[in-house]
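Read through the structure below, which is laid out as structure tokens, and then see the notes.
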Amino acid sequence: MFEDQSDRVKDLLAKNDEFRTLYEEHQSLKMQIADSGRTMDQFAVERLKKRKLQIKDQLAVILASSNGR
């Protein structure tokens with residue numbers, strides 16, 4: 001995620017609490033989705049995927065707004 005901006009992501013992870021919290025939630029959801037095949041129904045997995053995409057959008061907004069700083 002955001003591989004082309006890894007330095008900026010690292011900087012935000014260190015300095016921006018909101019970004020760090022969202023990033024950690026995104027990573028957690030990513031792991032839950034990967035492990036969900038045996039334990040969750042498809043609707044639950046789809047909800048996780050939608051939330052993960054919402055978080056990715058929020059991270060992108062923060063990342064874009066921080067480029068000027």
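Ligands are numbered from 1 in the order shown, chains are lettered A, B, ... in the order of the structure tokens, and residues start at 1 in each chain.
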**Request:** Excluding range 23-35 of chain A and residues on its chain fewer than 3 positions from it, collect all residues at most 7 Å away from it, counting only C-alpha atoms, and give them as number ranges by chain.
**Result:** A: 19-20, 45, 48, 52, 55
Any idea what's packed within 10 Å of Phe2 in chain A, counting only C-alpha atoms, ignoring anything in its chain fewer than 3 positions away? Could you give it as a JSON list (two decimals) with N, CA and C atoms, in the first residue's frame?
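Heads up, here's the output in part15.json:
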[["chain", "number", "residue", "atom", "x", "y", "z"],
["A", 5, "GLN", "N", 5.39, 5.78, -2.11],
["A", 5, "GLN", "CA", 5.55, 6.89, -1.17],
["A", 5, "GLN", "C", 5.98, 6.38, 0.21],
["A", 6, "SER", "N", 6.78, 5.35, 0.22],
["A", 6, "SER", "CA", 7.12, 4.69, 1.49],
["A", 6, "SER", "C", 7.80, 5.61, 2.49],
["A", 7, "ASP", "N", 8.64, 6.52, 2.03],
["A", 7, "ASP", "CA", 9.29, 7.44, 2.96],
["A", 7, "ASP", "C", 8.28, 8.36, 3.63],
["A", 8, "ARG", "N", 7.32, 8.84, 2.85],
["A", 8, "ARG", "CA", 6.28, 9.72, 3.40],
["A", 8, "ARG", "C", 5.39, 8.95, 4.37],
["A", 9, "VAL", "N", 5.08, 7.71, 4.05],
["A", 9, "VAL", "CA", 4.27, 6.87, 4.94],
["A", 9, "VAL", "C", 5.00, 6.67, 6.26],
["A", 56, "LYS", "N", -8.29, 2.89, 3.53],
["A", 56, "LYS", "CA", -7.27, 3.21, 2.52],
["A", 56, "LYS", "C", -7.55, 4.59, 1.91],
["A", 59, "LEU", "N", -6.49, 7.18, 4.43],
["A", 59, "LEU", "CA", -5.03, 7.28, 4.45],
["A", 59, "LEU", "C", -4.52, 8.07, 3.24],
["A", 60, "ALA", "N", -5.12, 7.84, 2.08],
["A", 60, "ALA", "CA", -4.72, 8.55, 0.87],
["A", 60, "ALA", "C", -4.97, 10.05, 1.01],
["A", 63, "LEU", "N", -2.32, 11.41, 3.32],
["A", 63, "LEU", "CA", -1.05, 11.40, 2.60],
["A", 63, "LEU", "C", -0.98, 12.54, 1.59]]
**Item:** Sel. of alpha helix (DSSP H) residues, chain A, as a count of residues only
**Value:** 53
**Message:** With distances taken over only C-alpha atoms, which residue among A:Thr39, A:Lys15, A:Leu22, A:Met1 lies nearest Arg51 in chain A?
**Reply:** A:Leu22
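In this structure, CA of Ala44 in chain A sits 21.4 Å away from CA of Gln58 in chain A.
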